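Reading through the structure tokens given below for one structure.
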Amino acid sequence: MKKYIDLEDMANLNCSNILNIIQKNGAVSRKEIIEFSGLSWGGMTKIVNKLLENGYIIENGQEGNSSLRGRIPSLLSINTEKNFIIGFDLNQMGLTAVVMNLTGEILERFSAPADFKTREELEEKSIDFLSEIFKNYAENSIIAIGVAMQGIVDKQNGICERFFFENKAEIIPIKDIIEKAFPVRVFIEHDPDCILFSHMEHDRKENAVLLRIDRGIGMAASVAGKIIKGKGIFEIAHNCVIPDGLECRCGKRGCLAAYTSQCIDDENEIIPEKLDDLILPLTVMLQNLSNLFDADRVILTGALMEKRELFEKELLKKFYDLKLKAKIEFFPISDFAVKGAGLIAIKKSIASLEV
């Protein structure tokens, strides 16, 4: 690892800074870039030319009133027809992906069933799934993949340390698997962090708690608009919510997972008659989390929310009777996980730009 920053590093940092300015602000003039970045005209010009040459940005339009005398500066914006990102949600409920440009616009959506029972089948299905996406795009036009994964995720090393196959946990080195198959950078994130990130696009400075509930339970939280991150810090599935309650596969009784897992069968179908049993345990967990994080908002998402009309009214009544300040919001899983994975990959790709 380098222990110093050389001229090439500084140039790449400035390229990242300017591309980030354009990505966040839309079409901007060169004068505006200087105001935002603090660079000299000459320094800015060199970097803008690099970004133009490498197809990250384009020069288009004109600023101001064309009827006025004098030269009217052109505007610089993100090139939306090159340098695409894939957001990929690898989940026990299925495979989902989106292709995005660097503005965060979703161009295409792909999905496939979770017909894998072993680690080897998961690897094969994932590569086949992504290969079909790459076929639709010119060589080298996809530059990165952001992956949202369940389980305990080691983002630094690109590993899911605990992905379950029929109650057996496996280690999945998903970053290495994908990078060996495709010439792109891969960024791994815990799936609830991706979902919460996609809900925080507009810089909401709030305390929020998010639960993704389907065959597993994932959690993310933010304080003052910043997502709290750390490997395995929010593994709440086997926290006891009902003393001496239902027996759980972990051997304990009363875990939240004991109540959520009985609501979805082996074919990923929701069992409506079991949802009533989930209301009290889920309310207890939401109360504890709301108090712990002084939450302004609680977001519930995942497969179970597809049937929320069967339990939403009773859950809200029990929760709001506790007089907590948090507001509960329900969302079907939709594209939030893949979108968040893609947006994080865009952010990291720009931050680590090399041109």
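We label chains A, B, ... in the order they appear in the structure tokens, count residues from 1 in each chain, and number ligands from 1 in the order shown.
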
Neighbour list for range 334-347 of chain A as a PyMOL selection string, cut-off 6 Å, only C-alpha atoms, skip fewer than 2 positions in-chain: chain A and resi 86-89+97+146-148+194-195+197-198+332+349-350

For Phe134 in chain A: contacts at 12 Å, only C-alpha atoms, fewer than 3 positions along chain excluded, given as a PyMOL selection string: chain A and resi 84-86+97-99+108+110+127-131+137-145+181-184

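If only C-alpha atoms are the atoms counted, then among A:Glu121, A:Tyr259, A:Met219, A:Ile227 the closest residue to Val241 in chain A is A:Tyr259.
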
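Ranking A:Leu122, A:Met149, A:Asp214, A:Glu161 by their shortest atom-to-atom distance to Ile177 in chain A, with only C-alpha atoms included, puts A:Leu122 first.
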
Can you check which residues of range 235-284 of chain A DSSP gives as helix (DSSP H, G or I) on the backbone and send them as a short mmCIF file (atom, residue, chain, number, x, y, z; two decimals) with N, CA, C and O atoms, in the first residue's frame?
data_model
loop_
_atom_site.label_atom_id
_atom_site.label_comp_id
_atom_site.auth_asym_id
_atom_site.auth_seq_id
_atom_site.Cartn_x
_atom_site.Cartn_y
_atom_site.Cartn_z
N LEU A 256 -37.39 -13.43 17.29
CA LEU A 256 -38.21 -12.82 16.24
C LEU A 256 -38.24 -13.72 15.00
O LEU A 256 -39.28 -13.86 14.35
N ALA A 257 -37.11 -14.36 14.69
CA ALA A 257 -37.04 -15.23 13.50
C ALA A 257 -37.99 -16.41 13.59
O ALA A 257 -38.46 -16.92 12.57
N ALA A 258 -38.29 -16.87 14.81
CA ALA A 258 -39.23 -17.99 14.96
C ALA A 258 -40.61 -17.61 14.44
O ALA A 258 -41.35 -18.46 13.93
N TYR A 259 -40.96 -16.33 14.56
CA TYR A 259 -42.29 -15.87 14.14
C TYR A 259 -42.32 -15.46 12.67
O TYR A 259 -43.31 -15.67 11.98
N THR A 260 -41.23 -14.86 12.18
CA THR A 260 -41.21 -14.46 10.77
C THR A 260 -41.05 -15.66 9.85
O THR A 260 -41.68 -15.73 8.79
N SER A 261 -40.23 -16.63 10.25
CA SER A 261 -39.94 -17.76 9.36
C SER A 261 -41.17 -18.62 9.10
O SER A 261 -41.28 -19.24 8.04
N PRO A 272 -50.78 -16.66 4.97
CA PRO A 272 -51.55 -15.59 5.61
C PRO A 272 -51.98 -15.89 7.04
O PRO A 272 -51.98 -15.00 7.90
N GLU A 273 -52.37 -17.15 7.33
CA GLU A 273 -52.92 -17.47 8.65
C GLU A 273 -51.86 -17.35 9.76
O GLU A 273 -52.21 -17.34 10.94
N LYS A 274 -50.59 -17.27 9.41
CA LYS A 274 -49.53 -17.14 10.41
C LYS A 274 -49.18 -15.69 10.73
O LYS A 274 -48.44 -15.42 11.68
N LEU A 275 -49.71 -14.76 9.94
CA LEU A 275 -49.32 -13.36 10.10
C LEU A 275 -49.82 -12.76 11.42
O LEU A 275 -49.17 -11.89 11.99
N ASP A 276 -50.98 -13.22 11.90
CA ASP A 276 -51.50 -12.70 13.18
C ASP A 276 -50.53 -12.95 14.32
O ASP A 276 -50.38 -12.11 15.23
N ASP A 277 -49.85 -14.11 14.28
CA ASP A 277 -48.91 -14.45 15.35
C ASP A 277 -47.67 -13.56 15.34
O ASP A 277 -46.92 -13.51 16.33
N LEU A 278 -47.45 -12.86 14.24
CA LEU A 278 -46.26 -12.02 14.11
C LEU A 278 -46.45 -10.63 14.71
O LEU A 278 -45.48 -9.96 15.06
N ILE A 279 -47.69 -10.19 14.87
CA ILE A 279 -47.95 -8.79 15.23
C ILE A 279 -47.31 -8.40 16.57
O ILE A 279 -46.60 -7.39 16.66
N LEU A 280 -47.55 -9.17 17.63
CA LEU A 280 -47.00 -8.81 18.94
C LEU A 280 -45.47 -8.87 18.96
O LEU A 280 -44.82 -7.90 19.41
N PRO A 281 -44.84 -9.96 18.50
CA PRO A 281 -43.37 -9.98 18.50
C PRO A 281 -42.75 -8.84 17.70
O PRO A 281 -41.75 -8.24 18.13
N LEU A 282 -43.35 -8.52 16.55
CA LEU A 282 -42.81 -7.45 15.72
C LEU A 282 -43.00 -6.10 16.40
O LEU A 282 -42.10 -5.25 16.37
N THR A 283 -44.14 -5.91 17.06
CA THR A 283 -44.36 -4.65 17.80
C THR A 283 -43.33 -4.47 18.90
O THR A 283 -42.80 -3.37 19.10
N VAL A 284 -43.04 -5.54 19.63
CA VAL A 284 -42.03 -5.46 20.70
C VAL A 284 -40.68 -5.05 20.14
O VAL A 284 -39.99 -4.18 20.68
#

Nearest candidate to Ala169 in chain A (options A:Lys135, A:Lys205, A:Lys117, A:His190; using only C-alpha atoms): A:Lys117

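One finds CA of Asn291 in chain A at 7.9 Å from CA of Leu324 in chain A.
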
Counting only C-alpha atoms, the residue of A:Ile236, A:Leu107, A:Cys250, A:Val209 that sits nearest Asn136 in chain A: A:Leu107

Residues within 10 Å of Leu353 in chain A, only C-alpha atoms, excluding chain neighbours under 6 positions, as a ChimeraX atom specification: /A:9,11-17,19

Proximity to Ile217 in chain A - best of A:Ser37, A:Gln156, A:Asn91, A:Ser29, only C-alpha atoms: A:Asn91

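Minimum atom-to-atom distances from A:Ala114, A:Ile333, A:Ala221, A:Met200 to Leu304 in chain A were compared using only C-alpha atoms, and the lowest value belongs to A:Ile333.
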
Computed interatomic separation between CA of Ile159 in chain A and CA of Lys175 in chain A (Å):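 Computing it gives 6.6 Å between the two atoms.
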